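Visitor: One structure coming up, written as structure tokens, with questions to follow.
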Amino acid sequence: MQKRLQNKIAKSRMALPMTLAYTTAVYLAGGLVEHRLWLPFGCLMLAVFLFVQLNNANALIRIYSRMVSCSFAVLSTAAFFLSPRVERSVVSLCVIAAYLSLFSTYQDRQSMGRVFYAFLFLGIASTLFVQMLFFVPVLWILMAVNILSLSWRNFWASILGLAFPYWFVGGFHAYTGQMDVFLNYFLQLADFEWFMNYEHLTWAQLITFAYVAILGLTGSIHFLRNSFLDKIRTRMLFEFFITMEVLTVAFLIINPVHYDFLLEILIVNTAPLIGHFIALSKTRLTNIAFCLICASAVVLTACNLSGIWNFSLTS
């Protein structure tokens, strides 16, 4: 069988080092030193490492391939310069860490410690992005249906994990006499003035979202068509990613005001899907698609870095 460029790169042990070199070069061009972007850059490197661990621990791809980590690094780099904020990098890192801990509880209804840590990371993320709490009920359902680990003990462990960061945040605000600030933070959950408000969305944001969503759709369709080739556990986990992908896309369409954070969550769920597609598809057509994906990612990154289309949809 002819080994195409796509498959050579997907199976190469140099794929991840070369991707990280590309990512570093882009950050240097974007002002890594001048603008002191060391913390977001460090978060990205740590997130890539966690994705390597997530792939290894759960055998997301049935061959040796680093395409999941590479896909995450490329997509995160392309999107970062739309709004270079460390908070979005921390949220992304927390979501990956939560997945890593949560997936380790597969079929284990007595895994209170790991469930606690998974929801602890989500709780930390919610202190920066309170709307993260909207995902929690869905995660409980996915724990019951896909992870098969939901029990009363694990449920209460998740509640404690979510609440733990707020014991410190609430204590700090109580000590400084700012409890009104602490309580008003949660009132954002009941604020629906942002409903489908696209006034401040730019063409750069719209195009980047469309690109990531299309990759997620491509990966989802490929997986659903070929899921019979994977183990049951792998199918369960990818159905988890697909559910979170669809939910995040819907949330972003309804709530574009929180575009930056939601795009990061979308990228976390898209990376395994498109990584699976790149690593395991072998046709001439998918090889062409792979080349187009790579070329468009470079162009998108360059345009976002230069701000060439960073103007409002309403302008």
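Chain labels A, B, ... are given in the sequence in which chains occur in the structure tokens; within each chain residues are numbered consecutively from 1, and ligands are likewise numbered from 1 in the order shown.
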Do a neighbour search on stretch 25-31 of chain A at 9 Å with only C-alpha atoms, toss out local chain neighbours closer than 2 positions, and write the hits as a list in words.

Guide: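 After dropping sequence-adjacent residues, the list is Leu20, Ala21, Tyr22, Thr23, Val33, Glu34, His35, Arg36, Leu37, Phe41, Thr77, Ala78, Phe81, Thr301, Ala302, Leu305 and Ser306 of chain A.
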
Visitor: Write a file of the just-selected residues containing N, CA and C atoms, as a PDB file, in the first residue's frame.

Guide:
ATOM      1  N   LEU A  20       6.059  21.688  17.811  1.00  0.00           N
ATOM      2  CA  LEU A  20       6.419  22.574  18.920  1.00  0.00           C
ATOM      3  C   LEU A  20       7.415  23.642  18.475  1.00  0.00           C
ATOM      4  N   ALA A  21       8.302  23.287  17.550  1.00  0.00           N
ATOM      5  CA  ALA A  21       9.226  24.286  16.999  1.00  0.00           C
ATOM      6  C   ALA A  21       8.455  25.351  16.227  1.00  0.00           C
ATOM      7  N   TYR A  22       7.451  24.910  15.454  1.00  0.00           N
ATOM      8  CA  TYR A  22       6.591  25.843  14.716  1.00  0.00           C
ATOM      9  C   TYR A  22       5.836  26.755  15.683  1.00  0.00           C
ATOM     10  N   THR A  23       5.279  26.161  16.728  1.00  0.00           N
ATOM     11  CA  THR A  23       4.539  26.932  17.728  1.00  0.00           C
ATOM     12  C   THR A  23       5.437  27.974  18.398  1.00  0.00           C
ATOM     13  N   VAL A  33       8.793  37.492  23.703  1.00  0.00           N
ATOM     14  CA  VAL A  33       9.743  38.199  24.570  1.00  0.00           C
ATOM     15  C   VAL A  33       9.282  39.627  24.844  1.00  0.00           C
ATOM     16  N   GLU A  34       8.919  40.348  23.774  1.00  0.00           N
ATOM     17  CA  GLU A  34       8.558  41.762  23.919  1.00  0.00           C
ATOM     18  C   GLU A  34       7.339  41.967  24.802  1.00  0.00           C
ATOM     19  N   HIS A  35       6.312  41.121  24.621  1.00  0.00           N
ATOM     20  CA  HIS A  35       5.058  41.274  25.366  1.00  0.00           C
ATOM     21  C   HIS A  35       4.970  40.339  26.575  1.00  0.00           C
ATOM     22  N   ARG A  36       6.061  39.634  26.845  1.00  0.00           N
ATOM     23  CA  ARG A  36       6.140  38.754  28.015  1.00  0.00           C
ATOM     24  C   ARG A  36       4.985  37.749  28.054  1.00  0.00           C
ATOM     25  N   LEU A  37       4.900  36.971  27.003  1.00  0.00           N
ATOM     26  CA  LEU A  37       3.849  35.963  26.897  1.00  0.00           C
ATOM     27  C   LEU A  37       4.311  34.615  27.441  1.00  0.00           C
ATOM     28  N   PHE A  41       2.443  30.875  27.032  1.00  0.00           N
ATOM     29  CA  PHE A  41       3.265  29.920  26.278  1.00  0.00           C
ATOM     30  C   PHE A  41       3.556  28.686  27.130  1.00  0.00           C
ATOM     31  N   THR A  77      -2.395  27.715  18.767  1.00  0.00           N
ATOM     32  CA  THR A  77      -1.499  28.777  18.303  1.00  0.00           C
ATOM     33  C   THR A  77      -2.207  29.691  17.318  1.00  0.00           C
ATOM     34  N   ALA A  78      -3.005  29.103  16.429  1.00  0.00           N
ATOM     35  CA  ALA A  78      -3.730  29.907  15.442  1.00  0.00           C
ATOM     36  C   ALA A  78      -4.728  30.844  16.109  1.00  0.00           C
ATOM     37  N   PHE A  81      -3.661  34.489  19.227  1.00  0.00           N
ATOM     38  CA  PHE A  81      -3.365  35.903  18.995  1.00  0.00           C
ATOM     39  C   PHE A  81      -4.604  36.731  18.642  1.00  0.00           C
ATOM     40  N   THR A 301      -3.181  31.321  10.960  1.00  0.00           N
ATOM     41  CA  THR A 301      -2.279  31.801  12.009  1.00  0.00           C
ATOM     42  C   THR A 301      -1.625  33.114  11.611  1.00  0.00           C
ATOM     43  N   ALA A 302      -1.138  33.183  10.367  1.00  0.00           N
ATOM     44  CA  ALA A 302      -0.477  34.402   9.883  1.00  0.00           C
ATOM     45  C   ALA A 302      -1.440  35.585   9.872  1.00  0.00           C
ATOM     46  N   LEU A 305      -2.240  36.641  13.422  1.00  0.00           N
ATOM     47  CA  LEU A 305      -1.051  37.260  14.004  1.00  0.00           C
ATOM     48  C   LEU A 305      -0.877  38.697  13.519  1.00  0.00           C
ATOM     49  N   SER A 306      -1.176  38.905  12.247  1.00  0.00           N
ATOM     50  CA  SER A 306      -1.005  40.241  11.661  1.00  0.00           C
ATOM     51  C   SER A 306      -2.214  41.141  11.882  1.00  0.00           C
TER      52      SER A 306
END

Visitor: Counting only C-alpha atoms, what is within 12 Å of A:Leu266, bar same-chain residues fewer than 6 positions away, as JSON, numbers by chain?

Guide: {"A": [72, 75, 76, 79, 88, 91, 92, 95, 96, 208, 209, 210, 211, 212, 213, 214, 215, 216, 217, 241, 242, 243, 244, 245, 246, 247, 248, 249, 250, 251, 252, 253, 259, 260, 272, 273]}

Visitor: Write out, as a PDB file, in the first residue's frame, the residues just selected, with C-alpha atoms.

Guide:
ATOM      1  CA  PHE A  72      -4.139  20.960  19.659  1.00  0.00           C
ATOM      2  CA  LEU A  75      -5.157  25.169  16.596  1.00  0.00           C
ATOM      3  CA  SER A  76      -4.338  26.843  19.907  1.00  0.00           C
ATOM      4  CA  ALA A  79      -6.417  31.157  17.836  1.00  0.00           C
ATOM      5  CA  ARG A  88      -8.047  31.518  28.357  1.00  0.00           C
ATOM      6  CA  VAL A  91      -9.071  27.464  31.276  1.00  0.00           C
ATOM      7  CA  SER A  92      -7.891  25.294  28.387  1.00  0.00           C
ATOM      8  CA  VAL A  95     -10.241  21.340  30.940  1.00  0.00           C
ATOM      9  CA  ILE A  96      -7.549  18.971  29.622  1.00  0.00           C
ATOM     10  CA  THR A 208     -11.390  30.962  13.182  1.00  0.00           C
ATOM     11  CA  PHE A 209     -14.525  29.542  14.799  1.00  0.00           C
ATOM     12  CA  ALA A 210     -15.780  28.234  11.447  1.00  0.00           C
ATOM     13  CA  TYR A 211     -12.405  26.620  10.736  1.00  0.00           C
ATOM     14  CA  VAL A 212     -12.249  24.825  14.099  1.00  0.00           C
ATOM     15  CA  ALA A 213     -15.920  23.771  13.890  1.00  0.00           C
ATOM     16  CA  ILE A 214     -15.451  22.346  10.376  1.00  0.00           C
ATOM     17  CA  LEU A 215     -12.446  20.344  11.558  1.00  0.00           C
ATOM     18  CA  GLY A 216     -14.512  19.044  14.467  1.00  0.00           C
ATOM     19  CA  LEU A 217     -17.329  18.065  12.112  1.00  0.00           C
ATOM     20  CA  PHE A 241     -15.672  14.481  22.789  1.00  0.00           C
ATOM     21  CA  ILE A 242     -18.379  14.702  20.114  1.00  0.00           C
ATOM     22  CA  THR A 243     -21.069  15.554  22.673  1.00  0.00           C
ATOM     23  CA  MET A 244     -18.903  18.266  24.220  1.00  0.00           C
ATOM     24  CA  GLU A 245     -18.028  19.535  20.732  1.00  0.00           C
ATOM     25  CA  VAL A 246     -21.689  19.925  19.737  1.00  0.00           C
ATOM     26  CA  LEU A 247     -22.583  21.506  23.073  1.00  0.00           C
ATOM     27  CA  THR A 248     -19.717  24.008  22.856  1.00  0.00           C
ATOM     28  CA  VAL A 249     -20.582  24.995  19.274  1.00  0.00           C
ATOM     29  CA  ALA A 250     -24.200  25.567  20.302  1.00  0.00           C
ATOM     30  CA  PHE A 251     -23.122  27.517  23.389  1.00  0.00           C
ATOM     31  CA  LEU A 252     -20.812  29.716  21.321  1.00  0.00           C
ATOM     32  CA  ILE A 253     -23.514  30.460  18.750  1.00  0.00           C
ATOM     33  CA  TYR A 259     -16.077  33.694  22.473  1.00  0.00           C
ATOM     34  CA  ASP A 260     -12.482  33.543  23.782  1.00  0.00           C
ATOM     35  CA  PRO A 272      -8.772  14.449  19.352  1.00  0.00           C
ATOM     36  CA  LEU A 273     -11.403  14.286  16.593  1.00  0.00           C
TER      37      LEU A 273
END

Visitor: Give the answer as one residue: which of A:Thr234, A:Ser89, A:Thr24, A:Asn255 has the shortest atom-to-atom distance to A:Met196, using only C-alpha atoms?

Guide: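 Closest to A:Met196 of all the choices is A:Asn255.
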
Visitor: Which one of A:Lys231, A:Arg85, A:Arg62, A:His276 sits closest to A:Cys43 if you count only C-alpha atoms?

Guide: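 Checking each candidate against A:Cys43, we get A:Arg85 as the closest.
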
Visitor: Show me, as JSON lines, the residues of stretch 152-238 of chain A having an atom within 9 Å of stretch 130-148 of chain A, each with the closest atom pair and its distance in Å, using only C-alpha atoms.

Guide:
{"residue": "A:Phe155", "atom": "CA", "partner": "A:Trp140", "partner_atom": "CA", "distance": 7.7}
{"residue": "A:Ser158", "atom": "CA", "partner": "A:Trp140", "partner_atom": "CA", "distance": 8.9}
{"residue": "A:Leu162", "atom": "CA", "partner": "A:Leu133", "partner_atom": "CA", "distance": 8.9}
{"residue": "A:Tyr185", "atom": "CA", "partner": "A:Val130", "partner_atom": "CA", "distance": 7.5}
{"residue": "A:Phe186", "atom": "CA", "partner": "A:Val130", "partner_atom": "CA", "distance": 6.9}
{"residue": "A:Gln188", "atom": "CA", "partner": "A:Val130", "partner_atom": "CA", "distance": 7.5}
{"residue": "A:Leu189", "atom": "CA", "partner": "A:Gln131", "partner_atom": "CA", "distance": 6.3}
{"residue": "A:Arg233", "atom": "CA", "partner": "A:Ile147", "partner_atom": "CA", "distance": 8.4}
{"residue": "A:Arg235", "atom": "CA", "partner": "A:Asn146", "partner_atom": "CA", "distance": 8.8}
{"residue": "A:Met236", "atom": "CA", "partner": "A:Asn146", "partner_atom": "CA", "distance": 5.0}
{"residue": "A:Leu237", "atom": "CA", "partner": "A:Asn146", "partner_atom": "CA", "distance": 6.7}

Visitor: Residues as selected, C-alpha atoms, written as a PDB file, in the first residue's frame, can you do that?

Guide:
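The result, written out as selection_14.pdb:
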ATOM      1  CA  PHE A 155     -21.388  12.693  42.536  1.00  0.00           C
ATOM      2  CA  SER A 158     -17.601  16.168  42.150  1.00  0.00           C
ATOM      3  CA  LEU A 162     -16.241  22.197  42.252  1.00  0.00           C
ATOM      4  CA  TYR A 185     -19.866  36.917  40.112  1.00  0.00           C
ATOM      5  CA  PHE A 186     -22.459  34.116  40.136  1.00  0.00           C
ATOM      6  CA  GLN A 188     -23.566  36.392  35.578  1.00  0.00           C
ATOM      7  CA  LEU A 189     -25.117  32.937  35.169  1.00  0.00           C
ATOM      8  CA  ARG A 233     -13.735   2.294  25.614  1.00  0.00           C
ATOM      9  CA  ARG A 235     -15.778   4.729  21.243  1.00  0.00           C
ATOM     10  CA  MET A 236     -17.196   5.873  24.570  1.00  0.00           C
ATOM     11  CA  LEU A 237     -14.502   8.534  24.963  1.00  0.00           C
TER      12      LEU A 237
END

Visitor: For stretch 7-17 of chain A, work out the shell of residues within 7 Å, counting only C-alpha atoms and skipping chain neighbours fewer than 4 positions away, then give it as a list in words.

Guide: Lys3, Ala21, Tyr64, Ser65, Arg66, Met67, Cys70, Ile278, Ala279 and Lys282 of chain A

Visitor: Which residues, written as a VMD selection string, have at least one atom at most 8 Å from A:Ala98, with only C-alpha atoms counted and residues fewer than 3 positions away on the same chain left out?

Guide: chain A and resid 94 to 95 101 to 102 117 to 122

Visitor: Among stretch 62-230 of chain A, which residues carry a DSSP assignment of alpha helix (DSSP H), reported as number ranges by chain?

Guide: A: 67-80, 86-103, 112-128, 136-142, 152-175, 179-187, 203-226

Visitor: Let me see the file: selected residues, C-alpha atoms, as a CSV table (one decimal), in the first residue's frame.

Guide:
chain,number,residue,atom,x,y,z
A,67,MET,CA,-1.6,14.0,15.9
A,68,VAL,CA,-3.9,14.7,18.8
A,69,SER,CA,-1.2,16.8,20.6
A,70,CYS,CA,0.0,18.3,17.3
A,71,SER,CA,-3.6,19.3,16.3
A,72,PHE,CA,-4.1,21.0,19.7
A,73,ALA,CA,-0.9,22.9,19.5
A,74,VAL,CA,-1.5,24.2,15.9
A,75,LEU,CA,-5.2,25.2,16.6
A,76,SER,CA,-4.3,26.8,19.9
A,77,THR,CA,-1.5,28.8,18.3
A,78,ALA,CA,-3.7,29.9,15.4
A,79,ALA,CA,-6.4,31.2,17.8
A,80,PHE,CA,-4.3,32.6,20.6
A,86,VAL,CA,-3.5,34.1,30.0
A,87,GLU,CA,-6.9,33.4,31.5
A,88,ARG,CA,-8.0,31.5,28.4
A,89,SER,CA,-4.8,29.5,28.4
A,90,VAL,CA,-5.5,28.5,32.0
A,91,VAL,CA,-9.1,27.5,31.3
A,92,SER,CA,-7.9,25.3,28.4
A,93,LEU,CA,-5.2,23.7,30.6
A,94,CYS,CA,-7.8,23.0,33.4
A,95,VAL,CA,-10.2,21.3,30.9
A,96,ILE,CA,-7.5,19.0,29.6
A,97,ALA,CA,-6.4,18.1,33.2
A,98,ALA,CA,-10.1,17.5,34.1
A,99,TYR,CA,-10.5,15.1,31.1
A,100,LEU,CA,-7.3,13.3,32.0
A,101,SER,CA,-8.5,12.7,35.6
A,102,LEU,CA,-12.1,11.9,34.6
A,103,PHE,CA,-11.2,9.4,31.9
A,112,MET,CA,-13.9,9.5,44.5
A,113,GLY,CA,-10.4,10.9,44.6
A,114,ARG,CA,-10.0,11.2,40.8
A,115,VAL,CA,-13.5,12.6,40.3
A,116,PHE,CA,-12.7,15.2,43.0
A,117,TYR,CA,-9.6,16.3,41.1
A,118,ALA,CA,-11.4,16.3,37.8
A,119,PHE,CA,-14.0,18.7,39.1
A,120,LEU,CA,-11.5,20.6,41.1
A,121,PHE,CA,-9.8,21.6,37.8
A,122,LEU,CA,-13.3,22.5,36.4
A,123,GLY,CA,-13.9,24.6,39.6
A,124,ILE,CA,-10.6,26.4,39.1
A,125,ALA,CA,-11.6,27.1,35.4
A,126,SER,CA,-15.0,28.4,36.6
A,127,THR,CA,-13.3,31.0,38.8
A,128,LEU,CA,-12.1,32.6,35.6
A,136,VAL,CA,-21.3,20.5,34.7
A,137,PRO,CA,-24.8,18.8,34.4
A,138,VAL,CA,-23.8,17.5,30.9
A,139,LEU,CA,-20.6,16.1,32.4
A,140,TRP,CA,-22.6,14.2,35.1
A,141,ILE,CA,-24.7,12.7,32.3
A,142,LEU,CA,-21.6,11.7,30.3
A,152,TRP,CA,-23.6,8.8,44.7
A,153,ARG,CA,-20.1,8.9,46.2
A,154,ASN,CA,-18.6,10.1,42.9
A,155,PHE,CA,-21.4,12.7,42.5
A,156,TRP,CA,-20.7,14.2,45.9
A,157,ALA,CA,-17.0,14.1,45.3
A,158,SER,CA,-17.6,16.2,42.2
A,159,ILE,CA,-19.6,18.7,44.2
A,160,LEU,CA,-16.8,19.0,46.7
A,161,GLY,CA,-14.2,19.4,43.9
A,162,LEU,CA,-16.2,22.2,42.3
A,163,ALA,CA,-16.7,24.0,45.6
A,164,PHE,CA,-13.2,23.7,46.8
A,165,PRO,CA,-11.6,26.7,44.9
A,166,TYR,CA,-14.5,28.9,46.1
A,167,TRP,CA,-13.7,28.2,49.7
A,168,PHE,CA,-10.5,30.1,49.1
A,169,VAL,CA,-12.0,32.7,46.8
A,170,GLY,CA,-15.0,33.3,49.1
A,171,GLY,CA,-12.8,33.4,52.2
A,172,PHE,CA,-10.6,36.0,50.5
A,173,HIS,CA,-13.6,38.2,49.7
A,174,ALA,CA,-15.1,37.8,53.2
A,175,TYR,CA,-11.7,38.8,54.7
A,179,MET,CA,-18.7,39.5,49.6
A,180,ASP,CA,-21.0,41.5,47.2
A,181,VAL,CA,-18.3,41.1,44.5
A,182,PHE,CA,-18.2,37.3,45.2
A,183,LEU,CA,-22.0,36.9,45.0
A,184,ASN,CA,-22.3,39.2,41.9
A,185,TYR,CA,-19.9,36.9,40.1
A,186,PHE,CA,-22.5,34.1,40.1
A,187,LEU,CA,-25.2,36.5,39.0
A,203,TRP,CA,-14.3,38.5,11.0
A,204,ALA,CA,-11.1,37.0,12.4
A,205,GLN,CA,-13.1,35.4,15.2
A,206,LEU,CA,-15.9,34.2,12.9
A,207,ILE,CA,-13.4,32.6,10.4
A,208,THR,CA,-11.4,31.0,13.2
A,209,PHE,CA,-14.5,29.5,14.8
A,210,ALA,CA,-15.8,28.2,11.4
A,211,TYR,CA,-12.4,26.6,10.7
A,212,VAL,CA,-12.2,24.8,14.1
A,213,ALA,CA,-15.9,23.8,13.9
A,214,ILE,CA,-15.5,22.3,10.4
A,215,LEU,CA,-12.4,20.3,11.6
A,216,GLY,CA,-14.5,19.0,14.5
A,217,LEU,CA,-17.3,18.1,12.1
A,218,THR,CA,-14.9,16.3,9.8
A,219,GLY,CA,-13.3,14.4,12.6
A,220,SER,CA,-16.7,13.5,14.1
A,221,ILE,CA,-18.1,12.1,10.8
A,222,HIS,CA,-14.9,10.1,10.2
A,223,PHE,CA,-15.0,8.6,13.6
A,224,LEU,CA,-18.7,7.7,13.5
A,225,ARG,CA,-18.2,6.0,10.1
A,226,ASN,CA,-15.2,4.0,11.4

Visitor: Please indicate the distance in Å from atom CA of A:Asn304 to atom CA of A:Leu32, rounded to one decimal place.

Guide: 15.3 Å

Visitor: Which residue is closest to A:Pro40? Choose from A:Ser149, A:Ser83, A:Ser111, A:Thr270 and count only C-alpha atoms.

Guide: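 Residue with the minimum atom-to-atom distance to A:Pro40: A:Ser83.
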
Visitor: What gap, in Å, lies between atom CA of A:Phe290 and atom CA of A:Ile274?

Guide: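 The value is 9.9 Å.
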
Visitor: Please indicate the distance in Å from atom CA of A:His258 to atom CA of A:Leu82, rounded to one decimal place.

Guide: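 According to the coordinates, atom CA of A:His258 and atom CA of A:Leu82 are separated by 13.1 Å.
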